[in-house]
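Shown here: model06.cif, mmCIF, C-alpha atoms and all ligand atoms.
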```
data_entry
#
loop_
_atom_site.label_atom_id
_atom_site.label_comp_id
_atom_site.auth_asym_id
_atom_site.auth_seq_id
_atom_site.Cartn_x
_atom_site.Cartn_y
_atom_site.Cartn_z
CA ALA A 129 -1.32 -14.22 61.08
CA SER A 130 1.06 -11.95 59.25
CA PHE A 131 -0.06 -8.55 58.05
CA THR A 132 0.03 -9.92 54.53
CA ASP A 133 -2.70 -12.37 55.54
CA ILE A 134 -4.74 -9.45 56.91
CA ILE A 135 -4.44 -7.71 53.54
CA ARG A 136 -5.47 -10.95 51.77
CA THR A 137 -8.53 -11.24 53.99
CA LYS A 138 -9.87 -7.84 52.94
CA ARG A 139 -8.65 -8.29 49.37
CA ASP A 140 -10.93 -11.34 49.25
CA ALA A 141 -13.82 -9.31 50.70
CA ARG A 142 -13.93 -11.05 54.05
CA ALA A 143 -14.44 -9.27 57.38
CA LEU A 144 -11.40 -8.30 59.43
CA SER A 145 -11.23 -9.58 63.00
CA PRO A 146 -10.94 -7.11 65.88
CA GLY A 147 -7.34 -8.27 66.32
CA ALA A 148 -6.53 -7.59 62.67
CA ILE A 149 -7.99 -4.09 62.92
CA GLU A 150 -6.02 -3.49 66.12
CA ALA A 151 -2.81 -4.60 64.39
CA PHE A 152 -3.51 -2.20 61.52
CA VAL A 153 -4.13 0.77 63.80
CA SER A 154 -1.29 0.15 66.24
CA GLY A 155 1.11 -0.34 63.35
CA LEU A 156 -0.03 2.96 61.86
CA ALA A 157 0.34 4.79 65.16
CA ASP A 158 3.75 3.46 66.19
CA GLY A 159 5.16 3.55 62.67
CA SER A 160 5.95 -0.17 62.59
CA LEU A 161 3.54 -0.89 59.72
CA PRO A 162 5.21 -0.29 56.34
CA THR A 163 3.43 2.33 54.26
CA GLU A 164 3.04 -0.15 51.36
CA GLN A 165 1.05 -2.53 53.52
CA ALA A 166 -1.09 0.23 54.99
CA ALA A 167 -1.81 1.51 51.49
CA ALA A 168 -2.71 -1.95 50.22
CA LEU A 169 -5.14 -2.50 53.08
CA ALA A 170 -6.65 0.96 52.58
CA MET A 171 -7.29 0.09 48.92
CA ALA A 172 -8.80 -3.27 49.85
CA ILE A 173 -11.12 -1.50 52.32
CA TYR A 174 -11.96 1.07 49.66
CA LEU A 175 -12.88 -1.67 47.17
CA ASN A 176 -14.61 -4.16 49.48
CA GLY A 177 -15.98 -1.98 52.27
CA MET A 178 -16.50 -2.88 55.89
CA ASP A 179 -19.51 -4.15 57.79
CA PRO A 180 -20.84 -2.09 60.72
CA ILE A 181 -18.91 -4.13 63.28
CA GLU A 182 -15.59 -3.65 61.48
CA SER A 183 -16.34 0.02 60.95
CA ALA A 184 -17.00 0.57 64.66
CA ALA A 185 -13.88 -1.39 65.61
CA LEU A 186 -11.71 0.65 63.24
CA THR A 187 -13.14 3.92 64.55
CA ALA A 188 -12.66 2.91 68.20
CA ALA A 189 -9.11 1.70 67.61
CA MET A 190 -8.18 4.95 65.85
CA ALA A 191 -9.77 7.03 68.63
CA ASN A 192 -7.70 5.06 71.16
CA SER A 193 -4.45 5.43 69.19
CA GLY A 194 -3.50 8.58 71.14
CA THR A 195 -4.77 10.76 73.96
CA ARG A 196 -8.52 10.71 74.64
CA ILE A 197 -9.61 13.86 76.38
CA ASP A 198 -11.77 13.17 79.41
CA TRP A 199 -13.70 16.28 80.32
CA GLY A 200 -14.60 14.83 83.67
CA GLY A 201 -18.23 14.13 82.89
CA GLU A 202 -20.39 16.58 84.73
CA ALA A 203 -17.35 18.46 86.04
CA LEU A 204 -17.52 20.76 83.06
CA GLY A 205 -21.22 21.14 83.73
CA ARG A 206 -22.02 21.57 80.07
CA PRO A 207 -22.80 19.18 77.21
CA ILE A 208 -19.80 18.69 74.95
CA LEU A 209 -20.94 19.34 71.42
CA ASP A 210 -19.44 19.53 67.98
CA LYS A 211 -20.40 20.02 64.37
CA HIS A 212 -18.59 18.60 61.39
CA SER A 213 -19.10 19.71 57.80
CA THR A 214 -18.13 17.64 54.80
CA GLY A 215 -16.82 20.84 53.27
CA GLY A 216 -17.79 23.53 50.85
CA VAL A 217 -16.92 26.88 49.35
CA GLY A 218 -17.25 29.81 51.74
CA ASP A 219 -18.28 27.46 54.57
CA LYS A 220 -17.30 29.52 57.61
CA VAL A 221 -20.15 28.16 59.73
CA SER A 222 -17.88 26.71 62.44
CA LEU A 223 -16.54 30.18 63.22
CA MET A 224 -20.06 31.30 64.09
CA LEU A 225 -21.47 28.12 65.52
CA ALA A 226 -18.80 27.44 68.16
CA PRO A 227 -19.24 30.81 69.92
CA ILE A 228 -23.04 30.67 69.60
CA LEU A 229 -23.09 27.26 71.27
CA ALA A 230 -20.68 28.42 73.96
CA ALA A 231 -22.93 31.41 74.66
CA CYS A 232 -25.91 29.04 74.97
CA GLY A 233 -24.24 26.84 77.59
CA GLY A 234 -22.48 24.23 75.47
CA ALA A 235 -18.80 23.34 75.41
CA VAL A 236 -17.30 23.02 71.94
CA PRO A 237 -13.83 21.46 71.62
CA MET A 238 -13.55 21.65 67.85
CA ILE A 239 -10.77 19.98 65.87
CA SER A 240 -10.82 21.51 62.41
CA GLY A 241 -8.92 20.85 59.23
CA ARG A 242 -7.08 22.60 56.46
CA GLY A 243 -8.66 23.07 53.06
CA LEU A 244 -9.35 19.89 51.11
CA GLY A 245 -9.60 19.83 47.32
CA HIS A 246 -11.65 22.80 46.14
CA THR A 247 -13.11 23.44 49.61
CA GLY A 248 -11.76 25.78 52.24
CA GLY A 249 -10.63 24.79 55.72
CA THR A 250 -11.61 26.39 59.01
CA LEU A 251 -8.01 26.11 60.17
CA ASP A 252 -6.78 28.17 57.20
CA LYS A 253 -9.36 30.87 57.97
CA LEU A 254 -8.33 31.08 61.62
CA SER A 255 -4.68 31.16 60.57
CA ALA A 256 -5.45 34.50 58.87
CA ILE A 257 -5.77 36.02 62.37
CA PRO A 258 -2.34 37.28 63.44
CA GLY A 259 -1.10 35.49 66.57
CA TYR A 260 -3.88 32.86 66.64
CA ASP A 261 -2.23 29.58 67.55
CA PRO A 262 -4.11 26.65 66.05
CA PHE A 263 -1.74 24.17 67.75
CA PRO A 264 -1.73 25.32 71.38
CA GLY A 265 -1.20 21.88 72.95
CA LEU A 266 -3.88 19.89 74.70
CA ASP A 267 -3.54 21.58 78.10
CA ARG A 268 -4.19 25.03 76.69
CA PHE A 269 -6.96 23.67 74.44
CA ARG A 270 -8.70 22.23 77.48
CA ALA A 271 -8.23 25.41 79.49
CA VAL A 272 -9.72 27.58 76.72
CA VAL A 273 -12.73 25.27 76.35
CA ARG A 274 -13.30 25.40 80.09
CA GLU A 275 -12.88 29.18 80.35
CA VAL A 276 -14.48 30.40 77.12
CA GLY A 277 -16.73 27.47 76.22
CA CYS A 278 -15.22 26.91 72.79
CA ALA A 279 -11.85 26.47 71.11
CA ILE A 280 -11.15 25.67 67.48
CA ILE A 281 -7.75 24.14 66.84
CA GLY A 282 -6.03 21.81 64.37
CA GLN A 283 -5.41 18.11 64.84
CA THR A 284 -2.35 17.77 67.03
CA GLY A 285 -0.03 14.77 67.16
CA ASP A 286 -1.72 13.60 70.35
CA LEU A 287 -5.24 13.13 69.01
CA ALA A 288 -5.89 10.07 66.81
CA PRO A 289 -2.31 9.79 65.51
CA ALA A 290 -3.28 6.69 63.49
CA ASP A 291 -5.67 8.87 61.50
CA ARG A 292 -2.96 11.39 60.70
CA ARG A 293 -0.77 8.73 59.13
CA LEU A 294 -3.60 6.89 57.39
CA TYR A 295 -5.06 10.13 56.03
CA ALA A 296 -1.71 11.07 54.46
CA ILE A 297 -1.52 7.62 52.87
CA ARG A 298 -5.13 7.77 51.61
CA ASP A 299 -4.53 11.23 50.19
CA ILE A 300 -1.95 9.94 47.69
CA THR A 301 -3.42 6.50 46.97
CA GLY A 302 -6.92 7.34 45.77
CA THR A 303 -8.56 5.97 48.91
CA ILE A 304 -10.10 9.07 50.48
CA GLU A 305 -13.62 8.38 49.14
CA SER A 306 -14.46 5.34 51.24
CA THR A 307 -17.36 5.45 53.69
CA PRO A 308 -15.76 3.30 56.43
CA LEU A 309 -12.45 5.17 56.12
CA ILE A 310 -14.14 8.59 56.19
CA THR A 311 -16.26 7.49 59.14
CA ALA A 312 -13.28 6.23 61.14
CA SER A 313 -11.23 9.31 60.28
CA ILE A 314 -13.83 11.86 61.32
CA LEU A 315 -15.34 10.08 64.30
CA SER A 316 -12.01 8.97 65.79
CA LYS A 317 -11.03 12.63 66.16
CA LYS A 318 -14.38 13.53 67.74
CA LEU A 319 -14.14 10.64 70.20
CA ALA A 320 -10.53 11.55 71.04
CA ALA A 321 -11.63 15.14 71.71
CA GLY A 322 -14.24 13.83 74.15
CA VAL A 323 -17.24 15.03 72.19
CA GLY A 324 -20.58 13.90 73.66
CA ALA A 325 -22.85 14.57 70.68
CA LEU A 326 -22.20 15.47 67.07
CA VAL A 327 -24.15 17.18 64.32
CA MET A 328 -23.00 16.39 60.80
CA ASP A 329 -23.51 19.03 58.11
CA ILE A 330 -23.41 16.96 54.94
CA LYS A 331 -23.23 19.29 51.99
CA ILE A 332 -24.59 18.48 48.56
CA GLY A 333 -24.45 20.27 45.24
CA SER A 334 -22.02 21.76 42.77
CA GLY A 335 -19.60 22.99 45.46
CA ALA A 336 -19.68 19.81 47.58
CA PHE A 337 -18.04 16.39 47.44
CA MET A 338 -21.38 14.57 47.68
CA PRO A 339 -23.33 14.76 44.45
CA ASP A 340 -26.86 14.26 45.74
CA VAL A 341 -29.17 13.70 48.69
CA ALA A 342 -29.04 9.90 48.33
CA ALA A 343 -25.24 9.77 48.60
CA ALA A 344 -25.28 12.26 51.50
CA GLU A 345 -27.89 10.25 53.38
CA ALA A 346 -25.96 7.02 52.85
CA LEU A 347 -22.82 8.57 54.38
CA GLY A 348 -24.82 10.14 57.21
CA ARG A 349 -26.61 6.92 58.09
CA ALA A 350 -23.37 4.93 58.07
CA MET A 351 -21.74 7.47 60.36
CA ALA A 352 -24.75 7.60 62.66
CA ALA A 353 -24.72 3.79 62.95
CA THR A 354 -21.05 3.81 63.93
CA GLY A 355 -21.69 6.67 66.35
CA ASP A 356 -24.52 4.67 67.94
CA ALA A 357 -22.30 1.62 68.32
CA LEU A 358 -19.70 3.73 70.11
CA GLY A 359 -22.05 5.80 72.29
CA LEU A 360 -21.73 9.02 70.29
CA PRO A 361 -25.15 10.34 69.23
CA ILE A 362 -25.04 11.82 65.73
CA ARG A 363 -27.67 13.91 63.97
CA CYS A 364 -27.32 14.75 60.29
CA LEU A 365 -28.45 17.73 58.25
CA VAL A 366 -28.08 17.58 54.50
CA THR A 367 -27.58 21.18 53.40
CA ASP A 368 -27.23 23.02 50.14
CA MET A 369 -23.82 23.75 48.63
CA ASN A 370 -24.78 24.81 45.10
CA GLU A 371 -23.16 28.23 45.54
CA THR A 372 -20.75 30.02 47.85
CA LEU A 373 -22.10 29.95 51.39
CA GLY A 374 -22.54 33.54 52.54
CA SER A 375 -21.25 36.53 50.65
CA THR A 376 -17.51 35.84 50.75
CA ALA A 377 -14.90 33.18 50.04
CA GLY A 378 -11.30 33.56 51.17
CA ASN A 379 -9.48 33.40 54.47
CA ALA A 380 -9.04 36.82 56.14
CA ILE A 381 -12.09 37.80 54.08
CA GLU A 382 -14.23 35.10 55.70
CA VAL A 383 -13.01 36.12 59.16
CA ARG A 384 -14.34 39.59 58.35
CA GLU A 385 -17.67 38.14 57.27
CA THR A 386 -17.75 36.19 60.55
CA ILE A 387 -17.19 39.36 62.57
CA ASP A 388 -19.92 41.20 60.63
CA TYR A 389 -22.21 38.23 61.18
CA LEU A 390 -21.60 37.97 64.91
CA THR A 391 -21.92 41.72 65.51
CA GLY A 392 -25.01 41.93 63.29
CA ALA A 393 -23.47 44.31 60.75
CA ALA A 394 -24.42 41.89 57.94
CA ARG A 395 -25.98 38.43 57.82
CA GLU A 396 -26.43 36.80 54.44
CA PRO A 397 -29.79 34.98 54.64
CA ARG A 398 -28.83 31.50 53.40
CA LEU A 399 -25.74 31.45 55.59
CA HIS A 400 -27.84 32.57 58.53
CA ALA A 401 -30.42 29.85 57.87
CA CYS A 402 -27.66 27.24 57.80
CA VAL A 403 -26.06 28.50 61.04
CA ILE A 404 -29.37 28.63 62.89
CA ALA A 405 -30.50 25.19 61.68
CA LEU A 406 -27.23 23.62 62.86
CA ALA A 407 -27.23 25.55 66.14
CA ALA A 408 -30.81 24.48 66.87
CA GLU A 409 -29.95 20.83 66.20
CA MET A 410 -26.86 20.98 68.44
CA LEU A 411 -28.80 22.63 71.26
CA LEU A 412 -31.50 19.98 70.93
CA VAL A 413 -29.15 17.00 70.89
CA GLY A 414 -27.19 18.53 73.78
CA GLY A 415 -30.30 18.90 75.91
CA LEU A 416 -29.98 22.69 76.04
CA ALA A 417 -33.26 23.20 74.17
CA ASP A 418 -36.40 21.07 74.10
CA SER A 419 -37.39 21.82 70.53
CA ARG A 420 -35.76 23.01 67.31
CA ALA A 421 -37.74 26.22 67.47
CA GLY A 422 -36.57 26.74 71.04
CA GLY A 423 -32.97 26.08 70.02
CA ALA A 424 -33.23 28.51 67.12
CA ALA A 425 -34.59 31.18 69.48
CA LEU A 426 -31.71 30.63 71.91
CA ALA A 427 -29.18 30.93 69.10
CA GLU A 428 -30.82 34.12 67.82
CA ALA A 429 -30.79 35.56 71.33
CA ALA A 430 -27.07 34.78 71.74
CA LEU A 431 -26.43 36.73 68.54
CA ALA A 432 -28.73 39.64 69.43
CA SER A 433 -27.27 40.12 72.91
CA GLY A 434 -23.69 40.15 71.64
CA ALA A 435 -22.91 37.09 73.78
CA ALA A 436 -21.80 35.04 70.76
CA ALA A 437 -19.56 37.85 69.48
CA ASP A 438 -18.06 38.11 72.96
CA ARG A 439 -17.27 34.37 73.03
CA PHE A 440 -15.59 34.63 69.64
CA ALA A 441 -13.48 37.57 70.83
CA ARG A 442 -12.48 35.72 73.99
CA MET A 443 -11.60 32.55 72.07
CA VAL A 444 -9.39 34.52 69.66
CA ALA A 445 -7.63 36.32 72.49
CA ALA A 446 -7.20 33.14 74.56
CA LEU A 447 -5.52 31.42 71.61
CA GLY A 448 -3.05 34.24 71.01
CA GLY A 449 -4.93 36.56 68.65
CA PRO A 450 -5.59 40.27 69.19
CA ALA A 451 -7.94 41.15 72.04
CA ASP A 452 -9.65 43.82 69.93
CA LEU A 453 -10.04 41.94 66.64
CA ILE A 454 -13.78 42.56 66.57
CA GLU A 455 -13.41 46.29 67.23
CA ARG A 456 -10.52 46.82 64.82
CA PRO A 457 -10.46 44.10 62.14
CA ASP A 458 -8.76 46.45 59.68
CA ALA A 459 -5.77 46.74 61.99
CA TYR A 460 -5.15 42.99 61.83
CA LEU A 461 -6.67 41.29 58.80
CA ALA A 462 -4.67 41.30 55.57
CA THR A 463 -6.10 43.13 52.57
CA ALA A 464 -5.24 42.56 48.91
CA PRO A 465 -3.69 45.28 46.72
CA VAL A 466 -5.98 44.69 43.71
CA VAL A 467 -9.78 44.85 43.95
CA VAL A 468 -11.82 44.51 40.75
CA ALA A 469 -15.38 43.66 39.82
CA ALA A 470 -16.16 40.34 38.11
CA PRO A 471 -18.87 41.10 35.52
CA PRO A 472 -21.20 38.34 34.30
CA ALA A 473 -20.86 37.08 30.74
CA ARG A 474 -24.21 38.79 30.03
CA ALA A 475 -26.81 40.70 32.01
CA GLY A 476 -29.69 38.72 33.48
CA ILE A 477 -30.65 36.58 36.44
CA LEU A 478 -28.00 34.39 38.05
CA ARG A 479 -29.50 30.91 37.72
CA ALA A 480 -26.77 28.46 38.71
CA VAL A 481 -23.19 28.37 39.90
CA ASP A 482 -20.50 25.75 39.49
CA GLY A 483 -19.36 25.84 43.08
CA LYS A 484 -16.36 23.62 42.48
CA ALA A 485 -15.12 26.02 39.80
CA VAL A 486 -15.48 28.92 42.25
CA GLY A 487 -13.41 26.99 44.79
CA GLU A 488 -10.78 26.26 42.14
CA ALA A 489 -10.68 29.94 41.15
CA LEU A 490 -10.02 30.84 44.79
CA ILE A 491 -7.13 28.38 44.90
CA ASP A 492 -5.71 29.93 41.71
CA LEU A 493 -5.84 33.34 43.38
CA GLY A 494 -3.65 31.89 46.15
CA GLY A 495 -6.44 31.46 48.70
CA GLY A 496 -6.09 27.66 48.84
CA ARG A 497 -3.54 24.93 48.24
CA ARG A 498 -2.80 22.57 45.37
CA ARG A 499 -0.13 20.75 47.39
CA ILE A 500 0.11 20.29 51.12
CA GLU A 501 3.27 22.45 51.27
CA ASP A 502 1.71 25.42 49.42
CA ALA A 503 1.42 28.68 51.36
CA ILE A 504 -1.97 30.39 51.51
CA ASP A 505 -2.38 34.11 50.77
CA PRO A 506 -4.86 35.14 53.50
CA ALA A 507 -5.80 38.41 51.79
CA VAL A 508 -7.27 37.17 48.53
CA GLY A 509 -10.76 35.97 47.66
CA PHE A 510 -14.26 36.99 46.70
CA VAL A 511 -16.43 39.61 48.42
CA ARG A 512 -20.06 40.61 47.74
CA VAL A 513 -20.64 37.29 46.02
CA ALA A 514 -23.99 37.48 44.20
CA PRO A 515 -26.44 34.82 45.44
CA ILE A 516 -28.32 32.70 42.91
CA GLY A 517 -31.41 34.68 41.89
CA THR A 518 -29.61 38.05 41.81
CA SER A 519 -30.05 40.30 38.77
CA VAL A 520 -26.47 40.71 37.59
CA GLY A 521 -25.13 43.04 34.94
CA PRO A 522 -23.11 46.22 34.52
CA ASP A 523 -24.26 47.55 37.91
CA ARG A 524 -24.13 44.29 39.84
CA PRO A 525 -21.04 42.13 39.33
CA LEU A 526 -20.84 38.45 40.25
CA ALA A 527 -18.40 39.40 43.02
CA MET A 528 -15.56 41.75 43.86
CA ILE A 529 -12.25 40.00 43.39
CA HIS A 530 -9.48 40.68 45.88
CA ALA A 531 -6.19 39.64 44.30
CA ARG A 532 -2.44 39.94 44.64
CA THR A 533 -1.90 40.96 40.99
CA GLU A 534 -3.91 42.37 38.07
CA THR A 535 -3.27 39.20 36.09
CA ALA A 536 -4.58 36.96 38.87
CA ALA A 537 -7.66 39.18 39.19
CA ARG A 538 -8.37 39.00 35.44
CA GLU A 539 -8.08 35.22 35.43
CA ALA A 540 -10.37 34.91 38.45
CA ALA A 541 -12.95 37.21 36.83
CA ALA A 542 -12.98 35.04 33.72
CA ALA A 543 -13.29 31.90 35.85
CA LEU A 544 -16.24 33.34 37.79
CA ALA A 545 -18.00 34.41 34.60
CA ALA A 546 -17.56 30.87 33.25
CA ALA A 547 -18.79 29.33 36.52
CA CYS A 548 -22.01 31.36 36.60
CA ALA A 549 -25.03 30.58 34.39
CA VAL A 550 -27.10 33.68 33.68
CA GLY A 551 -30.57 33.53 32.13
CA ASP A 552 -33.83 35.42 31.85
CA THR A 553 -36.06 33.54 34.26
CA PRO A 554 -35.77 33.11 38.02
CA PRO A 555 -34.14 29.86 39.17
CA PRO A 556 -36.18 27.25 41.04
CA GLU A 557 -36.33 27.62 44.83
CA ARG A 558 -33.76 25.54 46.69
CA PRO A 559 -34.08 24.79 50.38
CA VAL A 560 -31.05 25.45 52.61
CA VAL A 561 -31.73 22.23 54.55
CA HIS A 562 -32.61 19.32 52.25
CA SER A 563 -33.13 16.67 54.90
CA ARG A 564 -32.53 15.90 58.53
CA PHE A 565 -32.26 12.60 60.40
N1 LIG P 601 -12.15 14.72 56.74
C1 LIG P 601 -11.45 13.92 57.53
O1 LIG P 601 -10.98 14.30 58.59
N2 LIG P 601 -11.26 12.64 57.15
C2 LIG P 601 -11.77 12.16 56.00
O2 LIG P 601 -11.56 11.01 55.72
C3 LIG P 601 -12.49 13.02 55.16
C4 LIG P 601 -12.67 14.31 55.56
#
```
Now, as a test, write the supplied structure out as C-alpha cells.
Ligand code: URA
Amino acid sequence: ASFTDIIRTKRDARALSPGAIEAFVSGLADGSLPTEQAAALAMAIYLNGMDPIESAALTAAMANSGTRIDWGGEALGRPILDKHSTGGVGDKVSLMLAPILAACGGAVPMISGRGLGHTGGTLDKLSAIPGYDPFPGLDRFRAVVREVGCAIIGQTGDLAPADRRLYAIRDITGTIESTPLITASILSKKLAAGVGALVMDIKIGSGAFMPDVAAAEALGRAMAATGDALGLPIRCLVTDMNETLGSTAGNAIEVRETIDYLTGAAREPRLHACVIALAAEMLLVGGLADSRAGGAALAEAALASGAAADRFARMVAALGGPADLIERPDAYLATAPVVVAAPPARAGILRAVDGKAVGEALIDLGGGRRRIEDAIDPAVGFVRVAPIGTSVGPDRPLAMIHARTETAAREAAAALAAACAVGDTPPPERPVVHSRF
C-alpha cells in the first residue's frame, strides 16, 4: 500500500498495521517521508487515536529508529532508573533527583528537554552552568553514568531520531496533545536510553498542561499500559502544580536553589515533599528499597550525608562544568543587574496563583523561549517566591524579580500581581501528591 493509503486508514479511524507503523517511523527517521504526509498522519492519529497495540508498536518502532543503549544488564550492577515530568513552573526536581538516586545505588541516564510552552526545561537550567555540555555524545554520556551514577543530557541525534522529526512536525501542526503521540515520544527516548524502570511525575493545576486528576490519570494509565507491553515498568505520581515549585523560577536561579537544596542551606517544603515522594517511588520500583518509607529514608540520608551533593558536583564536572560550582556558585552563575520586589495588589493571604501566567511572565523576562531559535537569559527570574498561604503585603512581596532592565522588571511585577489572588482567609489545604498508581 502507498503511504496515502496508510493516511486514509487512520483518517477513517481504522487501526494501522505493524507494517504501516514501521513505514511511518522509518520514513521519518531516514527523511524519505514527505513532511506533508507525516503531518497528515499525525493529525489523523490526533483525531482518531490509537489502540494499545498500535501505541506499543509506534513506541517500539520509534525507540528502534536510532541507537538503543545497552547497559550490559547486570554489568552496571545498578538498576537503571529515570523520572519524567510533564512539566511545570520552577520544576527543577530532576536536578535533585538524579544525584539522590545515584547516591542511593541507582544509575540515572536522563534525557531532558528544553522548555515547552510556559514551562521550563531541565536542559535550559543546566545550560546556565558555564562549560556544562548537554550534548556530550553517547560514549561520554555512558562513561559519566557509569562513573558518577547519573548524567542529564539533551536528546542527541542518535537517540530516537524519528521522535525528533515527528516532534518538530507536531509542534507546528497542532498535534502535540495526543495521548498515543505523547506516549510514543516520551517512552521511545526512555527505551533508547536503556531505562529499566520509569516514574512519571504528572503535574496538574494552573501551572501544568493537564487540567485535572482525571486527565492526568488517563495519560498515566495509557503510558503505563504501553510500558507494560514493552517491558518497561512505569509508576505514576500525580503531583500539584498550582504554584511555582520551590522558591525560585529561572535558569541560573534554579541551579542556585538546587545547590542550596542539596547542601541543606534551604529546602522549600513542598519541593522537598515532591522530591522525596518521587525518590522513594524510584527506589522502590528499582528494588533499592522495600517500602516507600524505606526509600524516603534512604533519600533523606543521601541528602544529609552530602552524598547527593557530591554526585551533583561530580556530574557537573564530568560534563564540562566547574569542579567547584557547589563551593563557589557566585563565581559561575549569572546574576541580573536589576532586582526589585513584586508587591501584591493588596495585603492579605495569598490564596491562589495562575501558574501559567507566572511561566509566561518568566518568558517575557527572557528566561524562556517563544520561538525555538530564541536565546535564553540565564540570569533572570523569580526568587523568594511566596508560597500559597503566605501573608503578603508591604513587608512580604510575592517574589523578588531579577531582570535585565527596569522596564522588564516593572512588567513582570505587574504580571505577578495579576497572577496572584490575595484574600482574607487561608486557602484550602492541597496535597503535594494527589494520587499514585
Ligand atoms: N515531551 C516529549 O518529549 N514529547 C511529547 O510529546 C510531549 C512532551
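Closest approach to Leu186 of chain A among A:Asp158, A:Leu315, A:Arg136, A:Leu251: A:Leu315, based on all atoms listed in the file.
Ranking A:Leu406, A:Leu175, A:Leu461, A:Ala185 by their shortest atom-to-atom distance to Leu144 of chain A, with all atoms listed in the file included, puts A:Ala185 first.
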Distance filter 6 Å around ligand LIG 601 (chain P), atoms: all atoms listed in the file, out as a PyMOL selection string: chain A and resi 304+309-310+313-314
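Across the model, the gap from atom CA of Ala191 of chain A to atom CA of Ala320 of chain A is 5.2 Å.
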Non-local contacts of segment 261-274 of chain A (8 Å; all atoms listed in the file; under 4 positions in same chain excluded) as a ChimeraX atom specification: /A:204,235-237,251,254-255,278-284,286,443,446-449
Which residues are close to Leu223 of chain A, i.e. within 9 Å by all atoms listed in the file, leaving aside same-chain residues fewer than 2 positions away? Reply as a compact mmCIF listing (two decimals) with C-alpha atoms, in the frame of the given file.
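Just written: out09.txt:
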```
# COMPACT_ATOMS: atom_id res chain seq x y z
CA LYS A 220 -17.30 29.52 57.61
CA VAL A 221 -20.15 28.16 59.73
CA LEU A 225 -21.47 28.12 65.52
CA ALA A 226 -18.80 27.44 68.16
CA PRO A 227 -19.24 30.81 69.92
CA THR A 250 -11.61 26.39 59.01
CA LYS A 253 -9.36 30.87 57.97
CA LEU A 254 -8.33 31.08 61.62
CA ILE A 280 -11.15 25.67 67.48
CA VAL A 383 -13.01 36.12 59.16
CA THR A 386 -17.75 36.19 60.55
CA PHE A 440 -15.59 34.63 69.64
```
Could you list, as a PDB file with C-alpha atoms, in the coordinates of the input, every residue within 12 Å of Arg524 of chain A, counting all atoms listed in the file and ignoring same-chain residues fewer than 3 positions away?
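Dumped to around_28.pdb:
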```pdb
ATOM      1  CA  ALA A 469     -15.380  43.660  39.820  1.00  0.00           C
ATOM      2  CA  ALA A 470     -16.160  40.340  38.110  1.00  0.00           C
ATOM      3  CA  PRO A 471     -18.870  41.100  35.520  1.00  0.00           C
ATOM      4  CA  PRO A 472     -21.200  38.340  34.300  1.00  0.00           C
ATOM      5  CA  ARG A 474     -24.210  38.790  30.030  1.00  0.00           C
ATOM      6  CA  ALA A 475     -26.810  40.700  32.010  1.00  0.00           C
ATOM      7  CA  GLY A 476     -29.690  38.720  33.480  1.00  0.00           C
ATOM      8  CA  ILE A 477     -30.650  36.580  36.440  1.00  0.00           C
ATOM      9  CA  LEU A 478     -28.000  34.390  38.050  1.00  0.00           C
ATOM     10  CA  ARG A 512     -20.060  40.610  47.740  1.00  0.00           C
ATOM     11  CA  VAL A 513     -20.640  37.290  46.020  1.00  0.00           C
ATOM     12  CA  ALA A 514     -23.990  37.480  44.200  1.00  0.00           C
ATOM     13  CA  PRO A 515     -26.440  34.820  45.440  1.00  0.00           C
ATOM     14  CA  THR A 518     -29.610  38.050  41.810  1.00  0.00           C
ATOM     15  CA  SER A 519     -30.050  40.300  38.770  1.00  0.00           C
ATOM     16  CA  VAL A 520     -26.470  40.710  37.590  1.00  0.00           C
ATOM     17  CA  GLY A 521     -25.130  43.040  34.940  1.00  0.00           C
ATOM     18  CA  ALA A 527     -18.400  39.400  43.020  1.00  0.00           C
ATOM     19  CA  MET A 528     -15.560  41.750  43.860  1.00  0.00           C
TER      20      MET A 528
END
```
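Ranking A:Leu373, A:Cys364, A:Ile134, A:Ile297 by their shortest atom-to-atom distance to Thr163 of chain A, with all atoms listed in the file included, puts A:Ile297 first.
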Between atom CA of Glu345 of chain A and atom CA of Pro146 of chain A - distance in Å to one decimal: 27.3 Å
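Here atom CA of Gly374 of chain A stands at a distance of 21.9 Å from atom CA of Gly551 of chain A.
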Within 10 Å of Ala459 of chain A using only C-alpha atoms, minus same-chain residues under 6 positions, as an MDAnalysis selection string: chainID A and resid 450 452:453
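Counting only C-alpha atoms, the residue from A:Glu382, A:Glu557, A:Asp198, A:Asp523 that sits nearest to Gly249 of chain A is A:Glu382.
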For Ser154 of chain A, the nearest of the candidates A:Thr301, A:Ser193, A:Thr372, A:Ser222, counting all atoms listed in the file: A:Ser193
Where is the centre and how long are the edges: axis-aligned box on segment 148-166 of chain A, 3 Å on each side, Å to one decimal, as AutoDock Vina command-line options:
```
--center_x -1.0 --center_y -1.4 --center_z 58.8 --size_x 19.9 --size_y 18.4 --size_z 20.9
```
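Each of A:Ala427, A:Leu209, A:Pro339, A:His246 was compared to Gly234 of chain A using all atoms listed in the file, and A:Leu209 turns out to be the nearest.
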Surrounding residues of Leu490 of chain A excluding itself and chain neighbours under 2 positions, 12 Å, all atoms listed in the file, as a PyMOL selection string: chain A and resi 217-218+243+245-248+372+376-379+381+483-488+492-498+504-511+529-532+536-537+539-541+543-544
Rebuild segment 370-375 of chain A so that it carries N, CA and C atoms, then output the result as a short mmCIF file (atom, residue, chain, number, x, y, z; two decimals), keeping the file's coordinate frame.
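For reference, result-v1.cif as written:
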```cif
data_model
loop_
_atom_site.label_atom_id
_atom_site.label_comp_id
_atom_site.auth_asym_id
_atom_site.auth_seq_id
_atom_site.Cartn_x
_atom_site.Cartn_y
_atom_site.Cartn_z
N ASN A 370 -24.77 24.58 46.55
CA ASN A 370 -24.78 24.81 45.10
C ASN A 370 -24.23 26.19 44.75
N GLU A 371 -23.77 26.92 45.77
CA GLU A 371 -23.16 28.23 45.54
C GLU A 371 -22.36 28.56 46.78
N THR A 372 -21.54 29.58 46.69
CA THR A 372 -20.75 30.02 47.85
C THR A 372 -21.68 30.24 49.03
N LEU A 373 -21.28 29.75 50.19
CA LEU A 373 -22.10 29.95 51.39
C LEU A 373 -21.77 31.31 52.00
N GLY A 374 -22.78 32.18 52.06
CA GLY A 374 -22.54 33.54 52.54
C GLY A 374 -22.09 34.42 51.40
N SER A 375 -21.58 35.60 51.73
CA SER A 375 -21.25 36.53 50.65
C SER A 375 -19.77 36.65 50.39
#
```
